[in-house]
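**Q** Sharing my_file-v6.cif here; it has mmCIF, C-alpha atoms and all ligand atoms.
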```cif
data_model
#
loop_
_atom_site.label_atom_id
_atom_site.label_comp_id
_atom_site.auth_asym_id
_atom_site.auth_seq_id
_atom_site.Cartn_x
_atom_site.Cartn_y
_atom_site.Cartn_z
CA MET A 1 -19.14 27.23 25.39
CA ALA A 2 -19.49 26.77 29.14
CA LYS A 3 -16.41 27.26 31.33
CA VAL A 4 -15.53 24.96 34.23
CA GLU A 5 -16.62 27.66 36.72
CA ASP A 6 -20.08 27.70 35.20
CA TYR A 7 -20.72 24.28 36.75
CA ILE A 8 -20.31 25.54 40.33
CA PRO A 9 -24.00 26.44 40.80
CA ILE A 10 -24.93 22.90 39.76
CA VAL A 11 -22.31 20.71 41.47
CA GLY A 12 -20.72 22.98 44.07
CA GLN A 13 -17.34 24.68 44.50
CA SER A 14 -15.55 21.71 46.09
CA CYS A 15 -16.26 19.46 43.13
CA ILE A 16 -14.66 21.98 40.77
CA ASP A 17 -11.70 22.48 43.13
CA ASP A 18 -11.09 18.72 43.06
CA LEU A 19 -11.11 18.72 39.27
CA ARG A 20 -8.54 21.53 39.17
CA LEU A 21 -6.25 19.67 41.58
CA LEU A 22 -6.45 16.53 39.51
CA GLY A 23 -5.75 18.54 36.37
CA GLU A 24 -2.60 19.91 37.96
CA ARG A 25 -1.38 16.40 38.81
CA LEU A 26 -1.72 15.44 35.15
CA LYS A 27 0.24 18.43 33.78
CA GLY A 28 2.77 17.35 31.19
CA LYS A 29 0.88 14.22 30.14
CA VAL A 30 -0.78 14.03 26.74
CA ILE A 31 -4.08 12.12 26.68
CA GLN A 32 -5.02 10.96 23.20
CA HIS A 33 -8.56 9.73 22.58
CA ILE A 34 -9.15 7.66 19.45
CA ASN A 35 -12.54 6.52 18.13
CA SER A 36 -14.20 5.93 14.76
CA THR A 37 -16.56 8.86 14.21
CA PRO A 38 -16.47 12.58 15.02
CA VAL A 39 -20.29 12.86 14.99
CA GLY A 40 -23.27 10.67 15.80
CA GLY A 41 -23.80 8.34 18.72
CA GLY A 42 -22.90 8.52 22.37
CA VAL A 43 -19.11 8.27 22.15
CA ALA A 44 -18.74 11.32 19.91
CA GLU A 45 -21.32 13.12 22.03
CA ILE A 46 -19.21 12.65 25.17
CA LEU A 47 -15.83 13.39 23.58
CA ASN A 48 -17.15 16.64 22.11
CA ARG A 49 -17.47 18.01 25.65
CA MET A 50 -14.91 15.93 27.52
CA VAL A 51 -11.96 17.02 25.36
CA PRO A 52 -12.38 20.82 25.73
CA MET A 53 -13.12 20.53 29.44
CA LEU A 54 -10.02 18.44 30.13
CA ARG A 55 -7.99 21.03 28.23
CA GLU A 56 -9.47 23.79 30.34
CA LEU A 57 -8.44 21.84 33.44
CA GLY A 58 -4.87 21.91 32.14
CA VAL A 59 -4.76 18.36 30.74
CA ASP A 60 -3.27 18.27 27.24
CA THR A 61 -6.00 16.27 25.49
CA LYS A 62 -6.27 15.30 21.82
CA TRP A 63 -8.91 13.45 19.83
CA ASP A 64 -8.14 11.49 16.67
CA VAL A 65 -10.48 9.46 14.47
CA ILE A 66 -9.51 6.34 12.52
CA LYS A 67 -10.49 5.91 8.88
CA GLY A 68 -12.42 3.06 7.36
CA GLY A 69 -14.41 2.35 4.22
CA GLU A 70 -17.97 1.12 3.86
CA GLN A 71 -16.97 -2.53 4.14
CA PHE A 72 -15.03 -1.94 7.35
CA PHE A 73 -17.95 -0.19 9.00
CA GLU A 74 -20.33 -2.91 7.85
CA VAL A 75 -18.08 -5.41 9.62
CA THR A 76 -17.72 -3.32 12.76
CA LYS A 77 -21.50 -2.85 12.88
CA LYS A 78 -21.85 -6.64 12.73
CA PHE A 79 -19.29 -6.89 15.55
CA HIS A 80 -21.29 -4.32 17.51
CA ASN A 81 -24.53 -6.26 17.09
CA ALA A 82 -22.81 -9.57 17.88
CA LEU A 83 -21.23 -8.16 21.04
CA HIS A 84 -24.71 -7.12 22.09
CA GLY A 85 -25.68 -10.78 21.66
CA ARG A 86 -27.60 -10.43 18.38
CA ALA A 87 -27.31 -13.35 15.93
CA GLU A 88 -24.98 -12.25 13.12
CA GLU A 89 -23.31 -14.28 10.45
CA ILE A 90 -19.68 -13.27 10.62
CA THR A 91 -17.44 -14.72 7.95
CA LYS A 92 -13.71 -15.30 7.70
CA ARG A 93 -13.67 -12.49 5.12
CA ASP A 94 -15.22 -10.12 7.69
CA PHE A 95 -12.31 -10.72 10.06
CA GLU A 96 -9.91 -10.18 7.15
CA ILE A 97 -11.56 -6.85 6.25
CA PHE A 98 -11.27 -5.74 9.87
CA THR A 99 -7.60 -6.73 9.94
CA GLU A 100 -6.79 -5.06 6.60
CA THR A 101 -8.32 -1.71 7.55
CA SER A 102 -6.78 -1.95 11.00
CA GLN A 103 -3.39 -2.42 9.36
CA GLN A 104 -3.89 0.76 7.31
CA ASN A 105 -4.77 2.66 10.46
CA ILE A 106 -1.78 1.20 12.27
CA GLU A 107 0.38 2.63 9.47
CA ASN A 108 -1.36 6.02 9.31
CA VAL A 109 -2.47 6.96 12.82
CA ASN A 110 0.20 8.51 15.00
CA THR A 111 -0.22 7.25 18.58
CA TYR A 112 1.77 9.97 20.31
CA GLY A 113 -0.21 10.18 23.59
CA ASP A 114 1.34 9.40 26.95
CA ILE A 115 -2.01 7.73 27.48
CA VAL A 116 -3.75 6.40 24.37
CA PHE A 117 -7.44 6.02 25.12
CA ILE A 118 -9.11 3.76 22.57
CA HIS A 119 -12.92 3.78 22.36
CA ASP A 120 -14.83 0.67 21.33
CA PRO A 121 -13.79 -2.16 18.99
CA GLN A 122 -13.26 -0.24 15.74
CA PRO A 123 -9.76 1.12 16.58
CA ILE A 124 -8.84 -1.68 19.01
CA ALA A 125 -6.04 -3.13 16.85
CA LEU A 126 -3.99 0.06 17.16
CA ILE A 127 -2.67 -1.53 20.36
CA LYS A 128 -0.09 -3.16 18.10
CA LYS A 129 1.67 0.21 18.20
CA LYS A 130 2.03 0.11 21.98
CA ALA A 131 5.41 1.39 23.07
CA ALA A 132 6.38 2.77 26.48
CA ASN A 133 3.12 4.71 26.71
CA LYS A 134 -0.04 3.61 28.55
CA TRP A 135 -3.05 2.23 26.68
CA LEU A 136 -6.68 2.08 27.81
CA TRP A 137 -9.53 0.32 26.07
CA ARG A 138 -12.90 1.94 26.75
CA CYS A 139 -15.79 -0.39 25.97
CA HIS A 140 -19.09 1.46 25.55
CA VAL A 141 -20.97 -1.68 24.52
CA ASP A 142 -23.02 -4.04 26.69
CA VAL A 143 -20.77 -7.11 26.53
CA SER A 144 -22.56 -9.08 29.22
CA ASN A 145 -23.53 -11.75 26.69
CA PRO A 146 -21.26 -11.39 23.65
CA ASN A 147 -20.87 -13.60 20.62
CA ASP A 148 -17.92 -15.84 21.55
CA ARG A 149 -16.14 -15.65 18.20
CA VAL A 150 -16.11 -11.87 18.11
CA TRP A 151 -15.23 -11.53 21.78
CA GLY A 152 -12.45 -14.14 21.36
CA PHE A 153 -11.08 -12.22 18.37
CA LEU A 154 -11.08 -8.94 20.32
CA MET A 155 -9.55 -10.57 23.41
CA ASP A 156 -6.23 -11.00 21.57
CA PHE A 157 -6.07 -7.20 21.46
CA ILE A 158 -7.67 -6.41 24.82
CA VAL A 159 -5.12 -8.37 26.85
CA GLN A 160 -2.35 -6.12 25.51
CA TYR A 161 -3.90 -2.99 27.06
CA ASP A 162 -2.93 -1.66 30.48
CA ALA A 163 -6.57 -1.57 31.56
CA ALA A 164 -10.15 -1.74 30.30
CA VAL A 165 -13.07 0.52 31.19
CA PHE A 166 -16.72 -0.58 31.22
CA SER A 167 -19.92 1.39 31.83
CA ALA A 168 -21.71 -0.94 34.23
CA PRO A 169 -20.82 -3.81 36.59
CA ALA A 170 -22.82 -6.28 34.49
CA PHE A 171 -20.57 -5.59 31.46
CA SER A 172 -17.28 -6.47 33.09
CA ARG A 173 -15.56 -9.65 31.87
CA LYS A 174 -12.93 -12.01 33.15
CA LEU A 175 -9.72 -10.32 32.01
CA PRO A 176 -6.06 -10.58 32.91
CA ILE A 177 -5.77 -6.76 32.92
CA GLY A 178 -7.16 -4.15 35.31
CA GLN A 179 -10.80 -3.16 34.91
CA PHE A 180 -12.50 0.11 35.82
CA LEU A 181 -16.23 0.81 36.00
CA ILE A 182 -16.99 4.32 34.84
CA PRO A 183 -20.47 5.14 33.60
CA PRO A 184 -20.85 7.85 30.96
CA SER A 185 -22.36 11.26 31.60
CA ILE A 186 -24.14 14.23 30.11
CA ASP A 187 -23.15 17.86 30.09
CA PRO A 188 -25.89 19.93 31.73
CA LEU A 189 -24.68 23.15 30.07
CA SER A 190 -24.27 21.90 26.52
CA ASP A 191 -26.64 22.90 23.73
CA LYS A 192 -28.13 19.41 24.10
CA ASN A 193 -29.10 19.85 27.73
CA LYS A 194 -29.24 23.50 28.72
CA GLU A 195 -32.58 25.14 29.42
CA LEU A 196 -34.16 26.67 26.34
CA PRO A 197 -36.51 29.61 25.96
CA GLN A 198 -40.06 28.54 25.10
CA GLN A 199 -39.80 30.38 21.74
CA THR A 200 -36.91 28.13 20.69
CA ILE A 201 -38.86 25.00 21.59
CA ASP A 202 -41.92 26.29 19.73
CA ALA A 203 -39.83 27.18 16.68
CA VAL A 204 -38.46 23.64 16.46
CA LEU A 205 -41.96 22.16 16.77
CA ARG A 206 -43.17 24.50 14.02
CA LYS A 207 -40.24 23.53 11.81
CA TYR A 208 -41.37 19.89 11.97
CA ASP A 209 -45.05 20.76 11.74
CA ILE A 210 -45.88 19.42 15.20
CA LYS A 211 -48.81 21.00 17.02
CA LYS A 212 -49.08 21.10 20.80
CA ASP A 213 -52.74 20.15 20.74
CA LYS A 214 -52.18 16.65 22.21
CA PRO A 215 -49.58 15.01 24.42
CA ILE A 216 -46.25 14.21 22.79
CA VAL A 217 -44.45 10.88 23.26
CA THR A 218 -40.91 10.90 21.88
CA GLN A 219 -38.00 8.59 21.17
CA ILE A 220 -34.80 10.18 19.90
CA SER A 221 -32.20 7.71 18.68
CA ARG A 222 -30.16 6.74 15.69
CA PHE A 223 -32.30 4.68 13.31
CA ASP A 224 -30.91 1.36 14.48
CA ARG A 225 -32.76 -1.93 15.00
CA LEU A 226 -31.32 -2.22 18.51
CA LYS A 227 -33.25 0.97 19.38
CA ASP A 228 -36.42 -0.88 18.27
CA PRO A 229 -38.14 1.98 16.40
CA LEU A 230 -40.74 -0.41 14.98
CA GLY A 231 -41.53 -1.59 18.50
CA VAL A 232 -41.95 2.04 19.55
CA ILE A 233 -44.55 2.53 16.82
CA GLU A 234 -46.41 -0.60 17.90
CA ALA A 235 -46.42 0.49 21.54
CA PHE A 236 -47.66 3.93 20.48
CA LEU A 237 -50.47 2.46 18.38
CA GLN A 238 -51.65 0.50 21.41
CA VAL A 239 -51.62 3.67 23.54
CA ARG A 240 -53.35 5.63 20.78
CA LYS A 241 -56.40 3.34 21.02
CA TYR A 242 -57.10 4.82 24.46
CA ILE A 243 -55.42 8.24 24.58
CA ASN A 244 -55.37 10.92 21.92
CA CYS A 245 -51.63 11.58 21.66
CA GLN A 246 -48.86 11.87 19.08
CA LEU A 247 -45.48 10.20 18.57
CA ILE A 248 -42.19 11.76 17.54
CA LEU A 249 -39.59 9.28 16.35
CA ALA A 250 -36.55 11.35 15.56
CA GLY A 251 -32.95 10.56 14.87
CA GLY A 252 -30.03 10.87 12.55
CA THR A 253 -27.47 8.41 11.38
CA ALA A 254 -23.87 7.98 12.49
CA GLU A 255 -20.99 7.92 10.02
CA ASP A 256 -19.90 4.52 11.33
CA ASP A 257 -23.39 2.97 11.02
CA PRO A 258 -24.24 1.78 7.49
CA GLU A 259 -27.60 0.23 8.50
CA GLY A 260 -29.30 3.53 9.36
CA VAL A 261 -30.83 4.36 5.97
CA LYS A 262 -32.58 1.00 5.62
CA VAL A 263 -33.99 1.15 9.14
CA PHE A 264 -35.24 4.69 8.48
CA GLU A 265 -37.06 3.50 5.34
CA ASP A 266 -38.70 0.62 7.21
CA VAL A 267 -39.86 3.00 9.92
CA GLN A 268 -41.32 5.42 7.37
CA GLU A 269 -43.16 2.58 5.72
CA LYS A 270 -44.68 1.39 9.00
CA ALA A 271 -45.72 4.89 10.06
CA LYS A 272 -47.11 6.11 6.76
CA ALA A 273 -50.75 7.13 6.68
CA ASN A 274 -50.77 7.87 10.40
CA LYS A 275 -50.85 11.61 10.93
CA ASP A 276 -50.09 11.28 14.64
CA ILE A 277 -46.67 9.76 13.98
CA HIS A 278 -43.89 12.20 13.10
CA ILE A 279 -40.82 10.50 11.67
CA ILE A 280 -37.99 13.01 11.59
CA LEU A 281 -34.55 12.60 10.09
CA LEU A 282 -32.69 15.07 12.25
CA PRO A 283 -29.72 17.10 11.11
CA HIS A 284 -26.82 17.14 13.58
CA ASN A 285 -28.31 19.87 15.69
CA ASP A 286 -28.18 19.66 19.47
CA ILE A 287 -30.66 22.48 20.04
CA GLU A 288 -33.27 20.60 18.03
CA VAL A 289 -32.75 17.40 20.05
CA ASN A 290 -32.90 19.45 23.24
CA ALA A 291 -36.09 21.22 22.18
CA LEU A 292 -37.86 18.00 21.21
CA GLN A 293 -36.93 16.45 24.57
CA TRP A 294 -38.20 19.49 26.52
CA ALA A 295 -41.39 19.55 24.45
CA SER A 296 -42.28 15.93 25.23
CA ASP A 297 -44.79 14.74 27.80
CA VAL A 298 -43.22 11.28 27.91
CA ILE A 299 -39.85 10.12 26.59
CA ILE A 300 -39.47 6.53 25.53
CA GLN A 301 -36.26 4.55 24.98
CA LYS A 302 -37.35 1.10 23.90
CA SER A 303 -33.90 -0.29 23.13
CA ILE A 304 -33.41 -4.02 22.75
CA LYS A 305 -29.79 -3.60 23.81
CA GLU A 306 -28.07 -0.49 25.06
CA GLY A 307 -24.59 0.50 26.15
CA PHE A 308 -25.55 3.23 28.57
CA GLY A 309 -28.35 5.15 26.88
CA LEU A 310 -27.38 8.82 27.02
CA THR A 311 -30.79 9.78 25.70
CA VAL A 312 -32.30 8.52 28.95
CA ALA A 313 -29.98 10.69 31.04
CA GLU A 314 -30.72 13.67 28.78
CA ALA A 315 -34.46 13.22 29.23
CA LEU A 316 -34.24 12.71 32.99
CA TRP A 317 -32.06 15.79 33.36
CA LYS A 318 -34.95 17.70 31.78
CA ALA A 319 -37.21 16.14 34.44
CA ARG A 320 -39.18 14.29 31.77
CA PRO A 321 -41.02 11.11 32.75
CA VAL A 322 -39.27 8.27 30.94
CA VAL A 323 -40.33 4.77 29.90
CA ALA A 324 -37.29 2.69 28.97
CA SER A 325 -36.29 -0.93 28.49
CA ASN A 326 -34.58 -2.68 31.35
CA VAL A 327 -31.37 -3.25 29.37
CA GLY A 328 -27.71 -2.21 29.43
CA GLY A 329 -27.01 0.93 31.44
CA ILE A 330 -30.65 2.03 31.61
CA PRO A 331 -31.39 0.47 35.03
CA LEU A 332 -28.43 2.43 36.45
CA GLN A 333 -30.41 5.54 35.56
CA ILE A 334 -33.98 4.47 36.14
CA LYS A 335 -35.01 2.97 39.45
CA HIS A 336 -38.39 1.52 38.54
CA LYS A 337 -41.31 3.61 39.81
CA TYR A 338 -38.87 6.10 41.38
CA SER A 339 -37.02 7.85 38.55
CA GLY A 340 -39.00 6.45 35.62
CA LEU A 341 -40.66 3.24 34.48
CA LEU A 342 -38.78 0.22 33.14
CA CYS A 343 -40.39 -2.04 30.58
CA HIS A 344 -39.68 -5.45 29.07
CA SER A 345 -42.01 -5.63 26.07
CA ILE A 346 -44.15 -3.63 23.65
CA GLU A 347 -47.19 -4.24 25.86
CA GLY A 348 -45.23 -3.18 28.94
CA ALA A 349 -44.08 -0.01 27.21
CA SER A 350 -47.58 0.89 26.09
CA PHE A 351 -48.97 0.20 29.58
CA ALA A 352 -46.33 2.46 31.14
CA ILE A 353 -46.90 5.28 28.63
CA LYS A 354 -50.65 5.13 29.30
CA GLN A 355 -50.01 5.24 33.03
CA LEU A 356 -47.82 8.34 32.74
CA LEU A 357 -50.11 10.20 30.34
CA GLY A 358 -53.06 9.39 32.60
CA SER A 359 -51.38 10.49 35.87
CA PRO A 360 -49.56 13.80 35.31
CA GLY A 361 -48.76 14.24 39.02
CA TYR A 362 -47.07 10.83 39.21
CA ALA A 363 -45.26 11.49 35.93
CA LYS A 364 -43.98 14.82 37.25
CA ARG A 365 -42.68 13.20 40.45
CA LEU A 366 -40.78 10.52 38.51
CA GLY A 367 -39.26 13.22 36.30
CA GLU A 368 -38.12 15.29 39.26
CA ASN A 369 -36.57 12.26 40.97
CA GLY A 370 -34.88 11.41 37.69
CA ARG A 371 -33.31 14.85 37.43
CA GLU A 372 -31.92 14.57 40.96
CA HIS A 373 -30.53 11.10 40.26
CA ILE A 374 -28.75 12.32 37.11
CA LYS A 375 -27.42 15.35 38.97
CA ASN A 376 -25.91 13.15 41.68
CA ASN A 377 -24.46 10.46 39.43
CA PHE A 378 -24.25 11.14 35.72
CA LEU A 379 -23.00 14.66 35.05
CA ILE A 380 -19.79 15.35 33.18
CA THR A 381 -18.05 16.65 36.31
CA ARG A 382 -18.22 13.19 37.95
CA HIS A 383 -17.03 11.63 34.70
CA LEU A 384 -14.05 14.00 34.45
CA ARG A 385 -13.03 13.19 38.02
CA ASP A 386 -13.24 9.43 37.35
CA TYR A 387 -11.21 9.68 34.16
CA MET A 388 -8.50 11.83 35.73
CA LEU A 389 -8.23 9.45 38.70
CA LEU A 390 -7.97 6.58 36.23
CA PHE A 391 -5.16 8.33 34.33
CA LEU A 392 -3.26 8.96 37.56
CA SER A 393 -3.75 5.40 38.74
CA LEU A 394 -1.84 4.18 35.68
CA TYR A 395 1.25 5.97 37.02
CA TYR A 396 0.69 5.26 40.72
CA PRO A 397 -0.97 1.82 40.70
CA GLU A 398 -0.24 1.05 44.34
CA ASP A 399 -1.02 4.47 45.80
CA VAL A 400 -4.03 6.12 47.28
CA ILE A 401 -4.43 9.41 45.43
CA TYR A 402 -5.09 12.30 47.79
CA LEU A 403 -6.84 15.31 46.40
CA CYS A 404 -5.55 17.73 49.01
N1 LIG B 501 -28.42 11.94 19.14
C1 LIG B 501 -28.42 13.11 18.42
N2 LIG B 501 -29.15 13.16 17.28
C2 LIG B 501 -29.85 12.11 16.85
C3 LIG B 501 -29.86 10.91 17.59
C4 LIG B 501 -29.12 10.85 18.76
O1 LIG B 501 -27.79 14.10 18.79
O2 LIG B 501 -30.47 12.23 15.81
C5 LIG B 501 -27.62 11.90 20.36
C6 LIG B 501 -28.43 11.65 21.60
O3 LIG B 501 -29.03 12.86 22.04
C7 LIG B 501 -27.36 11.10 22.53
C8 LIG B 501 -26.45 10.31 21.58
O4 LIG B 501 -26.68 10.85 20.28
O5 LIG B 501 -26.62 12.15 23.09
C9 LIG B 501 -26.82 8.84 21.57
O6 LIG B 501 -26.26 8.21 22.66
P1 LIG B 501 -26.90 6.90 23.26
O7 LIG B 501 -26.03 6.45 24.38
O8 LIG B 501 -28.32 7.15 23.62
O9 LIG B 501 -26.93 5.84 22.08
P2 LIG B 501 -25.85 5.37 20.96
O10 LIG B 501 -26.23 6.10 19.72
O11 LIG B 501 -24.49 5.70 21.46
O12 LIG B 501 -26.10 3.90 20.83
#
```
Using the file provided, produce a representation of the structure as structure tokens.

**A**
Amino acid sequence: MAKVEDYIPIVGQSCIDDLRLLGERLKGKVIQHINSTPVGGGVAEILNRMVPMLRELGVDTKWDVIKGGEQFFEVTKKFHNALHGRAEEITKRDFEIFTETSQQNIENVNTYGDIVFIHDPQPIALIKKKAANKWLWRCHVDVSNPNDRVWGFLMDFIVQYDAAVFSAPAFSRKLPIGQFLIPPSIDPLSDKNKELPQQTIDAVLRKYDIKKDKPIVTQISRFDRLKDPLGVIEAFLQVRKYINCQLILAGGTAEDDPEGVKVFEDVQEKAKANKDIHIILLPHNDIEVNALQWASDVIIQKSIKEGFGLTVAEALWKARPVVASNVGGIPLQIKHKYSGLLCHSIEGASFAIKQLLGSPGYAKRLGENGREHIKNNFLITRHLRDYMLLFLSLYYPEDVIYLC
């Protein structure tokens, strides 16, 4: 696993020196992250790297996961969709299920951190255990247009926190507590993002029986309706009328997402009988995701709603040309026609894919600009600095924090 020093060639010595100074200021404090799944999805992806790096910087960091049964995760998935503005029928019983499981977690989860850092709505009710310690609620969801009932229900918890953290300015809400805007990040040296030897990339393509004889268009995402996999297939079929290319639609499921299996079946059904569409149920294997991203000529992320969209940052870091929906945190990453192409519809996506496949020089330039943009704004080193400054600000709310 990469050490903090290993990032110096990418971000420079002074950036790492700043991180070490901040780490020293936080000595003696225990930071406890709590979320609802150890694997799958962006939150787990970030914590998997954030936690060991904070420890290496001298910050005593823990990560705990709440428990919940199938019914609880069905409810929290409905909440997730409703917060993203999707129509969901949420019953009184759903709120009761959420409250019952939350109560069990309140009884069983030890909230020992000096700072308890709660991620997303699933563990939000743990705030009832707030004592003299500090509590942060980190919202990874696009809540710019949430369902009022669900948001109102969550507000009763949110107002008890010391502060809330959102990924993008458009997601912030009117709240009586402090708000911080901290976008997520990717780790350039993780198995997911590091450079791979060509043999490794080829081996992964062989494993999934994908030949390199025609351009590859890829979307990698959990099989979730909000990632619009059926729309991706439709956009691809429109492109395929004009350009001989192939589609990879690859993804796994997350432990806290009960809808994944059904969506996967629907996607298989729609793609069957088309040899140019590869539907892949991925194991949890970062090298495979990495290899498929490197191997692609165009990456697509046709989400209907998106929190941040780590897959976009991952693709841009690999200097891939990306076509992605203009939703959630994606426009923070893609400046249209500069670091990728934004789209608003199936037709728009197919037009943009055709444009990139037909103009390799233009596609290459967008990819290179994208990599630079991610390097300057969305690497884990920037994220670590923001989080450590946030932690310190809870203890010194009125002060300017000097790094030297
Ligand atoms: N991912 C993965 N395997 C998969 C599908 C997704 O490792 O089969 C990773 C993906 O590379 C990214 C994260 O899961 O790092 C998804 O984060 P994103 O913000 O794109 O979407 P979320 O799943 O959180 O909605």

**Q** Quick one: distance from CA of Gly252 in chain A to CA of Ser345 in chain A in Å, one decimal?

**A**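 One can read the CA of Gly252 in chain A to CA of Ser345 in chain A distance as 24.5 Å.
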
**Q** Could you check which of A:Leu47, A:Ala349, A:Leu237, A:Val289 is closest to Arg222 in chain A, using only C-alpha atoms?

**A**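 Smallest distance to Arg222 in chain A is found for A:Val289.
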
**Q** Would you mind telling me which residue in A:Leu54, A:Ile346, A:Ala131, A:Leu205 lies nearest to Arg20 in chain A when using all atoms listed in the file?

**A** A:Leu54

**Q** Ranking A:Phe153, A:Tyr161, A:Tyr387, A:Tyr396 by minimum distance to Gly23 in chain A and counting all atoms listed in the file, which one comes first?

**A**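 So, comparing all the options, the nearest one is A:Tyr387.
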
**Q** Name the residues, by chain letter and number, that sit within 10 Å of ligand LIG 501 (chain B) using only C-alpha atoms and all ligand atoms, and give them as a PyMOL selection string.

**A** chain A and resi 39-46+140-141+184-187+192-193+219-224+226-227+249-254+257+280-290+293+301+303+305-315+329-330

**Q** Compare A:Ile279, A:Gln355, A:Leu126, A:Lys62 by their minimum atom-to-atom distance to Tyr208 in chain A, counting only C-alpha atoms, and give me the closest one.

**A**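 So, comparing all the options, the nearest one is A:Ile279.
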
**Q** In Å, with one decimal, what is the gap from CA of Ser350 in chain A to CA of Lys364 in chain A?

**A** 18.2 Å

**Q** Kindly give the distance, in Å, that separates CA of Gly328 in chain A and CA of Phe79 in chain A, rounded to a single decimal.

**A**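 CA of Phe79 in chain A lies 16.9 Å from CA of Gly328 in chain A.
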
**Q** Tell me which of A:Glu259, A:Lys128, A:Arg240, A:Glu234 sits closest to Ala271 in chain A, counting all atoms listed in the file.

**A** A:Glu234

**Q** Show me, as a VMD selection string, the residues that have an atom within 12 Å of Lys337 in chain A when counting all atoms listed in the file, minus same-chain residues fewer than 5 positions from it.

**A** chain A and resid 321 to 324 331 342 to 343 352 355 to 356 362 to 367 369 to 370

**Q** Please provide as JSON, numbers by chain all residues within 7 Å of range 92-106 of chain A, with the sequence filter that same-chain residues fewer than 2 positions apart are discarded (counting all atoms listed in the file).

**A** {"A": [66, 67, 68, 72, 75, 90, 108, 109, 125, 126, 129]}

**Q** With C-alpha atoms retained, could you export that selection as a PDB file, in the frame of the given file?

**A**
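Final file, part-v5.pdb:
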```pdb
ATOM      1  CA  ILE A  66      -9.510   6.340  12.520  1.00  0.00           C
ATOM      2  CA  LYS A  67     -10.490   5.910   8.880  1.00  0.00           C
ATOM      3  CA  GLY A  68     -12.420   3.060   7.360  1.00  0.00           C
ATOM      4  CA  PHE A  72     -15.030  -1.940   7.350  1.00  0.00           C
ATOM      5  CA  VAL A  75     -18.080  -5.410   9.620  1.00  0.00           C
ATOM      6  CA  ILE A  90     -19.680 -13.270  10.620  1.00  0.00           C
ATOM      7  CA  ASN A 108      -1.360   6.020   9.310  1.00  0.00           C
ATOM      8  CA  VAL A 109      -2.470   6.960  12.820  1.00  0.00           C
ATOM      9  CA  ALA A 125      -6.040  -3.130  16.850  1.00  0.00           C
ATOM     10  CA  LEU A 126      -3.990   0.060  17.160  1.00  0.00           C
ATOM     11  CA  LYS A 129       1.670   0.210  18.200  1.00  0.00           C
TER      12      LYS A 129
END
```

**Q** Using 10 Å as the limit and counting all atoms listed in the file, can you tabulate each residue of range 125-195 of chain A that touches range 28-36 of chain A, with its shortest atom-to-atom distance in Å and the two atoms involved, as a Markdown table?

**A**
```
| residue | atom | partner | partner_atom | distance |
| --- | --- | --- | --- | --- |
| A:Leu126 | CA | A:Ile34 | CA | 9.5 |
| A:Lys134 | CA | A:Ile31 | CA | 9.6 |
| A:Trp135 | CA | A:Gln32 | CA | 9.6 |
| A:Leu136 | CA | A:His33 | CA | 9.5 |
| A:Trp137 | CA | A:Ile34 | CA | 9.9 |
| A:Arg138 | CA | A:Asn35 | CA | 9.8 |
```

**Q** Residues at most 7 Å from range 157-160 of chain A, counting all atoms listed in the file, excluding those fewer than 6 positions away in the same chain, as a PyMOL selection string?

**A** chain A and resi 124-125+127+176-177

**Q** When you count all atoms listed in the file, which of these residues is closest to Lys212 in chain A: A:Glu5, A:Asp142, A:Glu347, A:Asp297?

**A**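 Under the stated criterion, the closest residue is A:Asp297.
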
**Q** What lies within 10 Å of Asn244 in chain A using all atoms listed in the file, ignoring chain neighbours under 2 positions off, as a list in words?

**A**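 Returned residues: Asp213, Lys214, Pro215, Ile216, Val239, Arg240, Lys241, Tyr242, Gln246, Asp276 and Leu357 of chain A.
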